[in-house]
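File shown: target19.cif. Contents: mmCIF, C-alpha atoms.
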data_data
loop_
_atom_site.label_atom_id
_atom_site.label_comp_id
_atom_site.auth_asym_id
_atom_site.auth_seq_id
_atom_site.Cartn_x
_atom_site.Cartn_y
_atom_site.Cartn_z
CA MET N 1 -41.58 -36.48 -9.33
CA LEU N 2 -38.47 -34.39 -8.83
CA LYS N 3 -39.74 -32.02 -11.49
CA GLU N 4 -42.97 -31.64 -9.55
CA ILE N 5 -41.09 -30.46 -6.51
CA LEU N 6 -38.90 -28.18 -8.56
CA ASN N 7 -42.04 -26.76 -10.09
CA LYS N 8 -42.88 -25.32 -6.68
CA PHE N 9 -40.13 -22.80 -7.31
CA LEU N 10 -41.40 -21.88 -10.74
CA VAL N 11 -44.76 -20.88 -9.34
CA LEU N 12 -42.99 -18.11 -7.47
CA GLN N 13 -43.35 -15.12 -9.72
CA GLY N 14 -40.05 -14.23 -11.36
CA VAL N 15 -38.32 -17.55 -10.85
CA GLN N 16 -37.01 -18.73 -14.18
CA ALA N 17 -35.22 -21.94 -13.43
CA ALA N 18 -34.60 -24.50 -10.71
CA VAL N 19 -31.73 -26.84 -11.32
CA VAL N 20 -30.38 -29.75 -9.31
CA ILE N 21 -26.67 -30.18 -9.83
CA GLU N 22 -24.06 -32.54 -8.63
CA GLU N 23 -20.99 -31.35 -6.78
CA ASN N 24 -18.95 -31.77 -9.97
CA GLY N 25 -21.22 -29.25 -11.67
CA GLU N 26 -23.19 -31.76 -13.71
CA MET N 27 -26.90 -31.08 -14.09
CA ILE N 28 -29.19 -33.77 -12.72
CA GLU N 29 -32.59 -32.24 -13.28
CA SER N 30 -33.98 -28.89 -14.20
CA ILE N 31 -37.16 -27.04 -14.78
CA LYS N 32 -37.41 -23.67 -16.44
CA SER N 33 -39.75 -20.96 -17.55
CA GLY N 34 -39.02 -18.18 -19.99
CA ILE N 35 -35.35 -19.01 -20.43
CA THR N 36 -33.30 -21.68 -22.12
CA ILE N 37 -30.80 -23.65 -20.15
CA ASP N 38 -28.24 -23.94 -22.87
CA LYS N 39 -24.62 -24.93 -22.55
CA ASN N 40 -23.60 -21.40 -21.63
CA LEU N 41 -26.02 -21.22 -18.76
CA ALA N 42 -25.13 -24.71 -17.61
CA ASP N 43 -21.48 -23.64 -17.64
CA VAL N 44 -22.33 -20.58 -15.57
CA ILE N 45 -24.04 -22.65 -12.90
CA SER N 46 -21.29 -25.20 -12.90
CA THR N 47 -18.54 -22.58 -12.73
CA VAL N 48 -20.17 -20.71 -9.88
CA LEU N 49 -20.63 -23.90 -7.90
CA LEU N 50 -17.16 -25.30 -8.43
CA ASP N 51 -15.39 -21.99 -7.91
CA SER N 52 -17.42 -21.13 -4.84
CA ARG N 53 -16.75 -24.47 -3.22
CA ALA N 54 -13.06 -23.92 -3.84
CA THR N 55 -13.24 -20.39 -2.49
CA ALA N 56 -15.12 -21.53 0.62
CA HIS N 57 -12.18 -23.79 1.36
CA LEU N 58 -10.05 -20.68 1.79
CA PHE N 59 -12.13 -20.08 4.91
CA GLY N 60 -10.29 -22.84 6.69
CA ASN N 61 -11.85 -25.65 4.64
CA ALA N 62 -15.35 -24.39 5.26
CA SER N 63 -18.29 -25.89 3.48
CA LEU N 64 -20.32 -23.77 1.12
CA SER N 65 -23.58 -22.72 2.75
CA MET N 66 -24.85 -20.54 -0.07
CA VAL N 67 -23.63 -18.50 -2.98
CA PHE N 68 -25.58 -15.66 -4.40
CA ILE N 69 -24.70 -13.63 -7.50
CA GLU N 70 -26.83 -10.68 -8.34
CA TYR N 71 -27.03 -8.62 -11.50
CA THR N 72 -29.33 -5.73 -12.20
CA ASP N 73 -31.87 -7.98 -13.94
CA ASN N 74 -31.40 -11.48 -12.57
CA PHE N 75 -29.71 -13.39 -9.84
CA LEU N 76 -28.47 -16.88 -9.22
CA ILE N 77 -28.57 -18.66 -5.88
CA ILE N 78 -26.95 -21.98 -5.23
CA GLY N 79 -27.39 -23.81 -1.96
CA PRO N 80 -26.57 -27.31 -0.78
CA LEU N 81 -29.20 -30.05 -0.76
CA ALA N 82 -27.22 -32.99 0.47
CA GLU N 83 -23.54 -33.77 0.53
CA GLU N 84 -23.14 -34.20 -3.19
CA PHE N 85 -26.04 -32.20 -4.53
CA TYR N 86 -26.92 -28.56 -4.86
CA LEU N 87 -29.94 -26.61 -5.94
CA ALA N 88 -29.57 -23.58 -8.19
CA ILE N 89 -32.28 -21.02 -8.68
CA ILE N 90 -32.28 -18.37 -11.38
CA ALA N 91 -34.75 -15.57 -10.94
CA LYS N 92 -35.55 -12.04 -11.85
CA ASN N 93 -34.50 -9.38 -9.42
CA SER N 94 -38.05 -8.58 -8.48
CA VAL N 95 -38.39 -11.88 -6.61
CA ASN N 96 -38.32 -11.97 -2.86
CA ILE N 97 -35.06 -13.72 -2.15
CA GLY N 98 -36.10 -14.55 1.36
CA GLN N 99 -39.01 -16.51 -0.01
CA ILE N 100 -36.75 -18.43 -2.36
CA THR N 101 -34.30 -19.41 0.34
CA TYR N 102 -37.21 -20.38 2.54
CA GLU N 103 -38.58 -22.64 -0.20
CA MET N 104 -35.12 -24.08 -0.77
CA LYS N 105 -34.88 -25.07 2.85
CA LYS N 106 -38.47 -26.25 3.03
CA ASN N 107 -38.19 -28.53 0.01
CA GLN N 108 -34.68 -29.74 0.64
CA ASP N 109 -35.63 -33.10 2.15
CA ALA N 110 -38.23 -33.78 -0.50
CA ILE N 111 -35.75 -33.10 -3.29
CA VAL N 112 -33.07 -35.21 -1.66
CA SER N 113 -35.49 -38.10 -1.32
CA TYR N 114 -35.62 -38.34 -5.12
CA LEU N 115 -31.89 -38.18 -5.68
CA MET C 1 -2.70 19.36 23.49
CA ILE C 2 -4.84 16.54 22.15
CA ASP C 3 -7.48 17.28 24.69
CA LEU C 4 -7.48 20.97 23.83
CA ILE C 5 -8.13 20.84 20.12
CA PRO C 6 -11.75 20.67 18.97
CA GLU C 7 -13.19 17.21 18.67
CA GLY C 8 -14.68 17.67 15.20
CA LYS C 9 -17.10 15.35 13.51
CA SER C 10 -15.84 11.80 13.19
CA ILE C 11 -15.95 10.32 9.72
CA GLY C 12 -14.74 6.97 10.95
CA TRP C 13 -11.86 4.89 12.20
CA MET C 14 -9.65 3.20 9.70
CA GLN C 15 -6.22 1.68 9.24
CA ALA C 16 -3.74 2.54 6.54
CA PRO C 17 -0.16 3.70 6.13
CA ALA C 18 0.37 7.26 7.33
CA GLN C 19 1.20 8.31 3.78
CA TRP C 20 -2.26 7.23 2.70
CA ILE C 21 -3.68 10.03 4.77
CA PHE C 22 -1.97 12.71 2.72
CA THR C 23 -3.05 11.30 -0.62
CA HIS C 24 -6.66 10.92 0.40
CA THR C 25 -7.47 14.17 2.11
CA VAL C 26 -7.48 16.63 -0.75
CA ARG C 27 -10.96 17.76 0.20
CA PHE C 28 -10.63 17.24 3.92
CA VAL C 29 -10.28 19.95 6.52
CA GLY C 30 -9.88 18.71 10.04
CA VAL C 31 -7.85 16.56 12.33
CA VAL C 32 -6.71 13.00 11.88
CA ARG C 33 -6.37 11.43 15.31
CA ILE C 34 -3.83 8.66 15.33
CA VAL C 35 -3.50 5.89 17.88
CA ILE C 36 -0.33 3.83 18.02
CA GLN C 37 -0.21 1.28 20.77
CA ASP C 38 -0.86 3.28 23.90
CA GLY C 39 0.15 6.61 22.47
CA GLU C 40 -2.01 9.11 20.68
CA GLY C 41 -1.38 11.91 18.26
CA PHE C 42 -2.90 13.90 15.49
CA ILE C 43 -2.30 15.64 12.22
CA LEU C 44 -4.03 18.87 11.36
CA ILE C 45 -4.86 18.84 7.69
CA ARG C 46 -6.22 21.45 5.35
CA ARG C 47 -7.15 20.00 1.97
CA GLY C 48 -4.34 17.50 1.78
CA THR C 49 -1.76 19.80 3.34
CA PRO C 50 -0.56 18.70 6.76
CA LEU C 51 -0.12 21.73 8.98
CA PHE C 52 0.81 20.21 12.30
CA TYR C 53 1.96 16.84 13.56
CA TYR C 54 1.81 15.77 17.15
CA PHE C 55 2.22 12.54 19.06
CA LYS C 56 2.27 11.78 22.74
CA HIS C 57 3.23 8.62 24.50
CA GLY C 58 3.26 8.88 28.26
CA ARG C 59 5.33 11.93 29.01
CA ILE C 60 7.07 11.95 25.69
CA GLU C 61 5.80 14.41 23.12
CA LEU C 62 6.81 14.62 19.49
CA HIS C 63 6.09 17.52 17.18
CA GLY C 64 6.63 18.15 13.51
CA ARG C 65 9.06 15.96 11.61
CA ALA C 66 9.77 13.70 14.58
CA ALA C 67 6.08 12.91 14.94
CA LEU C 68 5.70 12.38 11.20
CA ASP C 69 8.69 10.05 11.14
CA TYR C 70 7.21 8.11 13.99
CA PHE C 71 3.90 7.75 12.15
CA ASN C 72 5.72 6.68 9.01
CA SER C 73 7.78 4.14 10.91
CA HIS C 74 4.67 2.01 11.33
CA PRO C 75 3.41 0.01 8.38
CA VAL C 76 -0.13 0.81 9.35
CA VAL C 77 -1.57 3.30 11.78
CA GLU C 78 -5.05 3.41 13.14
CA PHE C 79 -6.72 6.76 12.86
CA ASN C 80 -9.97 8.61 13.14
CA MET C 81 -10.67 11.34 10.61
CA CYS C 82 -12.57 14.20 12.23
CA LYS C 83 -13.91 16.96 10.07
CA TYR C 84 -13.71 20.56 11.30
CA THR C 85 -15.90 23.56 10.68
CA PRO C 86 -13.94 26.69 9.74
CA GLU C 87 -14.32 27.91 13.30
CA GLU C 88 -13.06 24.66 14.76
CA PHE C 89 -10.17 24.63 12.35
CA ALA C 90 -9.21 28.17 13.27
CA GLU C 91 -9.36 27.22 16.92
CA ALA C 92 -7.14 24.20 16.32
CA LEU C 93 -4.62 26.33 14.44
CA ARG C 94 -4.57 28.76 17.33
CA ILE C 95 -4.04 26.02 19.90
CA CYS C 96 -1.28 24.47 17.84
CA ASN C 97 0.19 27.90 17.26
CA VAL C 98 0.19 27.44 13.50
CA GLU C 99 0.47 30.74 11.73
CA GLY C 100 -0.99 30.76 8.27
CA GLU C 101 0.04 27.79 6.18
CA SER C 102 3.68 28.55 5.84
CA SER C 103 5.10 26.14 8.36
CA PRO C 104 3.61 22.74 7.93
CA LEU C 105 6.62 21.06 9.43
CA PRO C 106 8.09 22.88 12.38
CA ALA C 107 11.74 22.03 12.61
CA GLU C 108 12.36 19.41 15.21
CA SER C 109 15.15 17.14 16.08
CA ASP C 110 15.29 14.03 13.96
CA ALA C 111 16.75 12.11 16.82
CA PRO C 112 14.62 9.19 17.83
CA ALA C 113 12.61 9.86 20.88
CA PRO C 114 13.73 7.69 23.74
CA GLY C 115 11.06 5.69 25.42
CA LEU C 116 8.68 5.39 22.52
CA PRO C 117 7.54 1.92 21.55
CA PRO C 118 9.79 0.59 18.83
CA ALA C 119 8.32 0.69 15.40
CA PRO C 120 8.24 -2.53 13.44
CA ARG C 121 10.18 -1.01 10.59
CA ALA C 122 12.52 1.83 10.11
CA THR C 123 10.73 3.92 7.57
CA VAL C 124 7.79 4.54 5.36
CA PRO C 125 4.79 2.55 4.34
CA VAL C 126 4.47 -1.02 3.28
CA PRO C 127 3.10 -2.22 -0.04
CA GLU C 128 -0.40 -2.60 1.22
CA PRO C 129 -2.24 -1.38 4.22
CA VAL C 130 -2.05 -4.76 5.83
CA GLN C 131 -4.04 -5.08 9.00
CA GLU C 132 -1.78 -5.20 11.96
CA PRO C 133 -3.15 -6.56 15.20
CA ILE C 134 -3.38 -3.75 17.69
CA PRO C 135 -1.49 -4.60 20.84
CA GLU C 136 -3.46 -4.41 24.01
CA PRO C 137 -2.74 -1.02 25.50
CA VAL C 138 -1.22 -1.08 28.91
CA GLY C 139 -0.64 1.51 31.54
CA GLU C 140 -2.83 4.16 32.92
CA SER C 141 -2.62 6.66 30.11
CA VAL C 142 -4.56 4.56 27.68
CA PRO C 143 -6.66 6.78 25.49
CA GLU C 144 -9.97 5.41 24.49
CA PRO C 145 -10.27 5.91 20.74
CA VAL C 146 -13.90 6.69 20.77
CA SER C 147 -15.30 7.58 17.44
CA GLU C 148 -18.30 9.77 17.34
CA PRO C 149 -20.98 7.68 15.75
CA VAL C 150 -22.22 8.98 12.48
CA GLN C 151 -25.86 9.27 13.20
CA GLU C 152 -27.29 9.44 9.78
CA GLN C 153 -27.74 6.17 7.98
CA LEU C 154 -26.44 5.77 4.51
CA LEU C 155 -29.86 4.72 3.42
CA GLU C 156 -33.01 4.34 5.34
CA PRO C 157 -33.35 0.76 6.48
CA GLU C 158 -36.13 -0.90 4.61
CA GLU C 159 -38.19 -3.94 5.28
CA PRO C 160 -35.67 -6.65 5.93
CA GLU C 161 -35.78 -9.60 3.65
CA SER C 162 -35.80 -12.84 5.45
CA LEU C 163 -32.77 -14.32 3.74
CA TRP C 164 -30.57 -13.82 6.73
CA GLU C 165 -32.47 -12.01 9.36
CA PRO C 166 -30.56 -9.62 11.52
CA GLU C 167 -30.05 -10.44 15.13
CA ALA C 168 -28.91 -8.30 17.94
CA VAL C 169 -25.23 -7.84 17.36
CA PRO C 170 -23.10 -6.10 19.93
CA PRO C 171 -21.72 -2.78 18.82
CA PRO C 172 -18.25 -2.76 17.38
CA VAL C 173 -15.64 -3.09 20.07
CA ARG C 174 -13.30 -0.22 20.32
CA GLY C 175 -9.95 0.74 21.64
CA SER C 176 -8.50 -1.63 24.18
CA GLN C 177 -11.21 -4.17 23.54
CA LYS C 178 -10.42 -4.52 19.88
CA ARG C 179 -9.67 -7.90 18.53
CA THR C 180 -8.60 -9.27 15.23
CA TRP C 181 -10.92 -11.70 13.52
CA ASN C 182 -9.08 -14.90 12.94
CA ILE C 183 -11.47 -16.73 10.71
CA PHE C 184 -8.84 -17.85 8.31
CA PRO C 185 -6.46 -20.78 8.53
CA GLN C 186 -3.22 -19.98 10.24
CA THR C 187 -1.29 -20.78 7.11
CA ALA C 188 -2.95 -17.83 5.44
CA ALA C 189 -1.50 -15.24 7.76
CA PRO C 190 -1.10 -11.78 6.35
CA LYS C 191 2.05 -10.98 4.54
CA THR C 192 4.65 -9.21 6.53
CA PRO C 193 6.75 -6.68 4.72
CA ALA C 194 10.18 -7.80 3.77
CA SER C 195 12.71 -5.48 5.25
CA GLY C 196 14.78 -3.61 2.75
CA VAL C 197 12.11 -3.70 0.09
CA PRO C 198 11.68 -0.23 -1.40
CA ALA C 199 8.53 1.34 -0.18
CA PRO C 200 5.99 1.58 -2.96
CA VAL C 201 4.32 4.84 -3.66
CA ILE C 202 0.61 4.80 -3.30
CA SER C 203 -0.80 5.47 -6.70
CA PRO C 204 -1.97 9.05 -7.03
CA GLU C 205 -4.86 7.69 -9.08
CA VAL C 206 -6.14 5.91 -6.02
CA ILE C 207 -8.33 8.62 -4.67
CA LEU C 208 -11.18 8.12 -2.31
CA ASP C 209 -12.63 11.37 -1.23
CA GLU C 210 -14.28 12.29 2.01
CA THR C 211 -17.67 11.16 0.75
CA ASP C 212 -16.31 7.73 -0.11
CA ILE C 213 -14.76 7.33 3.28
CA LYS C 214 -17.94 8.43 4.97
CA ILE C 215 -20.05 6.00 2.95
CA ILE C 216 -17.69 3.14 3.64
CA GLY C 217 -17.57 4.08 7.29
CA GLN C 218 -21.35 4.00 7.46
CA ILE C 219 -21.50 0.57 5.87
CA LYS C 220 -18.92 -0.61 8.39
CA LYS C 221 -21.21 0.58 11.17
CA LEU C 222 -24.07 -1.65 10.05
CA ASN C 223 -24.87 -4.49 12.38
CA GLY C 224 -22.98 -7.60 11.41
CA VAL C 225 -20.37 -5.93 9.21
CA VAL C 226 -17.03 -7.06 10.58
CA ALA C 227 -14.79 -5.44 8.02
CA ILE C 228 -15.00 -3.58 4.76
CA SER C 229 -12.25 -3.13 2.25
CA VAL C 230 -11.87 -1.17 -0.94
CA PHE C 231 -9.50 -2.99 -3.21
CA ASN C 232 -8.32 -3.27 -6.76
CA ASN C 233 -6.35 -5.91 -8.57
CA GLU C 234 -3.09 -4.88 -7.01
CA ASN C 235 -3.79 -3.47 -3.59
CA ASN C 236 -6.01 -3.11 -0.67
CA ILE C 237 -6.80 0.59 -0.80
CA LEU C 238 -8.72 1.01 2.41
CA LEU C 239 -9.65 -1.27 5.25
CA MET C 240 -12.01 -0.66 8.12
CA GLY C 241 -12.29 -3.39 10.70
CA ASN C 242 -9.98 -5.67 12.57
CA VAL C 243 -9.32 -8.51 10.22
CA GLU C 244 -6.37 -10.01 8.44
CA ILE C 245 -6.66 -8.35 5.09
CA GLU C 246 -4.64 -10.65 2.86
CA PRO C 247 -6.64 -13.85 3.44
CA LEU C 248 -9.83 -11.85 3.03
CA LEU C 249 -8.64 -10.33 -0.21
CA ASN C 250 -7.59 -13.76 -1.46
CA ILE C 251 -11.18 -14.83 -1.07
CA ALA C 252 -12.51 -11.62 -2.59
CA ARG C 253 -10.23 -11.88 -5.61
CA SER C 254 -11.14 -15.51 -6.05
CA MET C 255 -14.81 -14.50 -6.13
CA LEU C 256 -13.99 -11.78 -8.60
CA VAL C 257 -12.35 -14.34 -10.86
CA THR C 258 -15.59 -16.32 -10.81
CA THR C 259 -17.68 -13.32 -11.81
CA ASN C 260 -15.25 -12.51 -14.60
CA LYS C 261 -15.38 -16.09 -15.84
CA ILE C 262 -19.15 -16.16 -16.16
CA ALA C 263 -19.52 -12.60 -17.44
CA PRO C 264 -19.40 -13.55 -21.15
CA ASN C 265 -22.15 -16.13 -20.66
CA VAL C 266 -24.74 -14.11 -18.78
CA ASP C 267 -26.93 -11.35 -20.06
CA TRP C 268 -28.42 -10.29 -16.78
CA GLY C 269 -27.40 -6.65 -16.68
CA SER C 270 -24.62 -5.15 -14.59
CA PHE C 271 -22.96 -7.07 -11.83
CA VAL C 272 -24.30 -5.93 -8.46
CA HIS C 273 -22.70 -8.23 -5.94
CA MET C 274 -21.64 -11.74 -5.12
CA THR C 275 -22.15 -13.18 -1.67
CA LEU C 276 -20.43 -16.30 -0.48
CA GLN C 277 -21.86 -17.77 2.67
CA VAL C 278 -20.00 -20.24 4.83
CA PRO C 279 -20.76 -21.27 8.40
CA GLU C 280 -18.32 -18.66 9.71
CA GLY C 281 -19.89 -15.72 7.93
CA ASN C 282 -20.35 -14.04 4.58
CA VAL C 283 -17.97 -12.45 2.15
CA ILE C 284 -19.58 -9.99 -0.21
CA ILE C 285 -17.92 -8.35 -3.17
CA ALA C 286 -19.37 -5.54 -5.22
CA PRO C 287 -18.13 -3.00 -7.73
CA TYR C 288 -17.40 0.41 -6.27
CA ARG C 289 -16.36 3.15 -8.68
CA GLN C 290 -13.28 1.79 -10.44
CA TYR C 291 -12.56 -0.48 -7.47
CA HIS C 292 -14.35 -3.20 -5.58
CA LEU C 293 -15.78 -3.43 -2.12
CA CYS C 294 -15.29 -6.49 -0.01
CA LEU C 295 -17.38 -6.98 3.11
CA LEU C 296 -16.84 -9.58 5.75
CA THR C 297 -20.00 -10.05 7.76
CA THR C 298 -21.48 -12.29 10.36
CA ARG C 299 -24.21 -14.72 9.38
CA THR C 300 -26.71 -12.49 11.12
CA ILE C 301 -26.35 -9.65 8.66
CA ASN C 302 -29.45 -8.23 7.05
CA ILE C 303 -28.45 -9.11 3.52
CA GLY C 304 -31.47 -7.35 2.10
CA HIS C 305 -30.28 -4.07 3.54
CA ILE C 306 -26.77 -4.60 2.22
CA ARG C 307 -28.13 -5.44 -1.22
CA ARG C 308 -30.06 -2.22 -1.38
CA ILE C 309 -27.05 -0.21 -0.32
CA LEU C 310 -24.87 -1.86 -2.93
CA ARG C 311 -27.45 -1.33 -5.64
CA ASP C 312 -27.87 2.31 -4.67
CA LEU C 313 -24.13 2.85 -4.60
CA GLN C 314 -23.88 1.58 -8.13
CA GLN C 315 -26.76 3.68 -9.34
CA THR C 316 -25.18 6.71 -7.73
CA GLY C 317 -21.86 5.82 -9.32
CA GLU C 318 -23.41 5.44 -12.74
CA GLN C 319 -25.13 8.80 -12.47
CA SER C 320 -22.02 10.68 -11.37
#
Would it be possible to restate this file's structure as structure tokens?
Amino acid sequence: MLKEILNKFLVLQGVQAAVVIEENGEMIESIKSGITIDKNLADVISTVLLDSRATAHLFGNASLSMVFIEYTDNFLIIGPLAEEFYLAIIAKNSVNIGQITYEMKKNQDAIVSYL
Amino acid sequence: MIDLIPEGKSIGWMQAPAQWIFTHTVRFVGVVRIVIQDGEGFILIRRGTPLFYYFKHGRIELHGRAALDYFNSHPVVEFNMCKYTPEEFAEALRICNVEGESSPLPAESDAPAPGLPPAPRATVPVPEPVQEPIPEPVGESVPEPVSEPVQEQLLEPEEPESLWEPEAVPPPVRGSQKRTWNIFPQTAAPKTPASGVPAPVISPEVILDETDIKIIGQIKKLNGVVAISVFNNENNILLMGNVEIEPLLNIARSMLVTTNKIAPNVDWGSFVHMTLQVPEGNVIIAPYRQYHLCLLTTRTINIGHIRRILRDLQQTGEQS
């Protein structure tokens, strides 16, 4: 069922992966299209999450609201789902980021309900 | 005298050690208007060569070396770079009674001027252009450091993406209304220079030309941009905005470490930017020439607009 919800992101043209991760960086569930989520990519997602949470704490122990890394071809967005869980989206640069963040927010409760 | 010289075209307000001005104006012709507490002064500059120094605080006026020493006695000064046309420059030279270029430093007494606000240190710049909170000016002779807005946009605003929609943000506060953003924990206060530490020389390789400063100034003017810094691994090179620079750079460098860590594992093209969003605002880092930009913004920033600017900056940089 969780995959079905994550699949809503894949139908957005250019989205290549939607991954639910725990706060320790461990992957819980993922769905992908056109890419392989190998160890390297899992490490990337995990590193960005863990580092960004640590960096956010430099803001007076602030919580991480969103982290967004963009390259010329792809980008990675990670946003919180619930206290311990985060959703990471990997997409091509042509995707409307506003739409992705909207879908992240819209599907947040549904995803959390399956965690 | 300040009121007599031509106004020029403002490139933007910024804060840096006075010495920074001389190493970053090799292509600049104009006046650098300096505000220190409730006094105001200026330096006439022709392509990196200072031709005239002046500072006034109440009834006290300093010229030449005395004014320069006073500028240098502050770790950071706030200044507005105003570009002159040849006609304006000639007019300024006439008003300042500068003949040719032979006397950049009119001989003046080195004796400290009585009555001037004490400088925090005796001499010369500090290691980094650390943001110093600007004291609230008092008295009736408070000059309003009004910068002429640069009308042209860096890039035409495009359709905003709805990631973080812009909201109406009040224009940047100026002069006596300035405040320092204290978004960081108190324990992360900016470093204060240790007295007696030899003043470092700003690297001659650190060159931002007039175009750079103008571009950065224009980004700073965007709604929601609180501060913008150009930095490298060692130093903050330029800061625009009232913010404690060291805590901000700690965050920026931490983000940079993250991008460096993941770089070997991603094949997504060149790094464009990283944005960290927390309830208090956003920190954005992006490559800029051989340096990096760091932006501190409110949550209301139009991130789509910033993204396009950063992408365009990189494309421009790659082409040049």
- In terms of only C-alpha atoms, the residue from N:Ala56, N:Ile78, N:Ile31, N:Ile111 at minimal distance from chain C is N:Ala56
- Item | Within 9 Å of range 284-298 of chain C using all atoms listed in the file, minus same-chain residues under 2 positions, as a ChimeraX atom specification | /C:216,220,223-233,237,243,248-249,252-253,255-256,271-277,280-282,300-301,310,313-314,317-318
- Query: Which residues match the PyMOL selection byres ((chain C and resi 25) around 8) in the file above, as a ChimeraX atom specification?
  - Reply: /C:21-24,26-29,45,47-48,209-210
Restricted to C-alpha atoms, what would the selected residues look like written as a short mmCIF file (atom, residue, chain, number, x, y, z; two decimals), in the coordinates of the input?
data_model
loop_
_atom_site.label_atom_id
_atom_site.label_comp_id
_atom_site.auth_asym_id
_atom_site.auth_seq_id
_atom_site.Cartn_x
_atom_site.Cartn_y
_atom_site.Cartn_z
CA ILE C 21 -3.68 10.03 4.77
CA PHE C 22 -1.97 12.71 2.72
CA THR C 23 -3.05 11.30 -0.62
CA HIS C 24 -6.66 10.92 0.40
CA VAL C 26 -7.48 16.63 -0.75
CA ARG C 27 -10.96 17.76 0.20
CA PHE C 28 -10.63 17.24 3.92
CA VAL C 29 -10.28 19.95 6.52
CA ILE C 45 -4.86 18.84 7.69
CA ARG C 47 -7.15 20.00 1.97
CA GLY C 48 -4.34 17.50 1.78
CA ASP C 209 -12.63 11.37 -1.23
CA GLU C 210 -14.28 12.29 2.01
#
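CA of Phe75 in chain N is positioned 9.9 Å from CA of Gly269 in chain C.
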- Task: Record the distance separating CA of Ile89 in chain N and CA of Ile77 in chain N, expressed in Å with one decimal.
- Result: 5.2 Å
Each residue of chain N with at least one atom at most 9 Å from chain C should appear once, together with its nearest atom pair and the corresponding distance in Å (one decimal); atoms considered: all atoms listed in the file; ordering: chain, then increasing residue number; output as a tab-separated table.
residue	atom	partner	partner_atom	distance
N:Asn40	CA	C:Asn265	CA	5.6
N:Leu41	CA	C:Asn265	CA	6.7
N:Asp43	CA	C:Ile262	CA	8.0
N:Val44	CA	C:Ile262	CA	5.5
N:Ile45	CA	C:Ile262	CA	8.8
N:Thr47	CA	C:Thr258	CA	7.2
N:Val48	CA	C:Thr258	CA	6.4
N:Asp51	CA	C:Thr258	CA	6.4
N:Ser52	CA	C:Leu276	CA	7.2
N:Ala54	CA	C:Ser254	CA	8.9
N:Thr55	CA	C:Ile251	CA	6.1
N:Ala56	CA	C:Val278	CA	6.6
N:Leu58	CA	C:Ile251	CA	6.6
N:Phe59	CA	C:Phe184	CA	5.2
N:Gly60	CA	C:Pro185	CA	4.7
N:Asn61	CA	C:Pro185	CA	8.2
N:Ala62	CA	C:Val278	CA	6.2
N:Ser63	CA	C:Val278	CA	6.1
N:Leu64	CA	C:Val278	CA	5.1
N:Ser65	CA	C:Val278	CA	4.8
N:Met66	CA	C:Gln277	CA	4.9
N:Val67	CA	C:Leu276	CA	4.6
N:Phe68	CA	C:Thr275	CA	5.0
N:Ile69	CA	C:Met274	CA	4.3
N:Glu70	CA	C:His273	CA	5.4
N:Tyr71	CA	C:Phe271	CA	4.4
N:Thr72	CA	C:Gly269	CA	5.0
N:Asp73	CA	C:Trp268	CA	5.0
N:Asn74	CA	C:Trp268	CA	5.3
N:Phe75	CA	C:Trp268	CA	7.7
N:Lys92	CA	C:Trp268	CA	8.8
N:Asn96	CA	C:Glu161	CA	7.4
N:Ile97	CA	C:Leu163	CA	6.3
N:Gly98	CA	C:Leu163	CA	4.1
N:Gln99	CA	C:Ser162	CA	7.3
N:Ile100	CA	C:Leu163	CA	8.4
N:Thr101	CA	C:Leu163	CA	6.3
N:Tyr102	CA	C:Leu163	CA	7.6
- Item | Interatomic distance (Å, one decimal) between CA of Leu51 in chain C and CA of Asp212 in chain C | 23.3 Å
Contact residues around Glu87 in chain C with only C-alpha atoms at 12 Å, ignoring same-chain residues under 3 positions, as a CSV table (one decimal) with C-alpha atoms, keeping the file's coordinate frame:
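That gives us around39.csv:
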chain,number,residue,atom,x,y,z
C,5,ILE,CA,-8.1,20.8,20.1
C,6,PRO,CA,-11.8,20.7,19.0
C,8,GLY,CA,-14.7,17.7,15.2
C,29,VAL,CA,-10.3,20.0,6.5
C,30,GLY,CA,-9.9,18.7,10.0
C,83,LYS,CA,-13.9,17.0,10.1
C,84,TYR,CA,-13.7,20.6,11.3
C,90,ALA,CA,-9.2,28.2,13.3
C,91,GLU,CA,-9.4,27.2,16.9
C,92,ALA,CA,-7.1,24.2,16.3
C,93,LEU,CA,-4.6,26.3,14.4
C,94,ARG,CA,-4.6,28.8,17.3
- Between N:Thr36, N:Asn107, N:Asn93, N:Ser30, which is the closest to Gly14 in chain N once you count all atoms listed in the file?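 Smallest distance to Gly14 in chain N is found for N:Asn93.
For the set N:Leu49, N:Lys32, N:Pro80, N:Leu115, the residue with the smallest atom-to-atom gap to Phe9 in chain N is N:Lys32, counting only C-alpha atoms.
Applied to the file shown here, the PyMOL selection byres ((chain C and resi 54) around 8) selects the residues Gly41, Phe42, Ile43, Phe52, Tyr53, Phe55, Lys56, Glu61, Leu62, His63, Gly64, Ala67 and Leu68 of chain C.
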- Task: For the file shown, report as number ranges by chain the outcome of the PyMOL selection byres ((chain N and resi 109) around 12) at residue level.
- Result: N: 2, 5, 80-82, 85, 87, 103-108, 110-115
- Note on the structure: Nearest to Ile37 in chain N, restricted to all atoms listed in the file and choosing among N:Gln16, N:Arg53, N:Lys3, N:Gly25, comes out as N:Gln16
- Item | Closest of N:Val95, N:Leu76, N:Ala88, N:Leu6 to Met27 in chain N - atom-to-atom distances counting all atoms listed in the file |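 For Met27 in chain N, the nearest of the given residues is N:Ala88.
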Write out as CSV the residues of range 202-297 of chain C that have any atom within 12 Å of an atom of range 69-77 of chain C, one row each with the nearest atom pair and its distance in Å to one decimal, counting all atoms listed in the file, sorted by chain and then rising number.
residue,atom,partner,partner_atom,distance
C:Leu238,CA,C:Val76,CA,11.0
C:Leu239,CA,C:Val76,CA,10.6
C:Met240,CA,C:Val77,CA,11.8
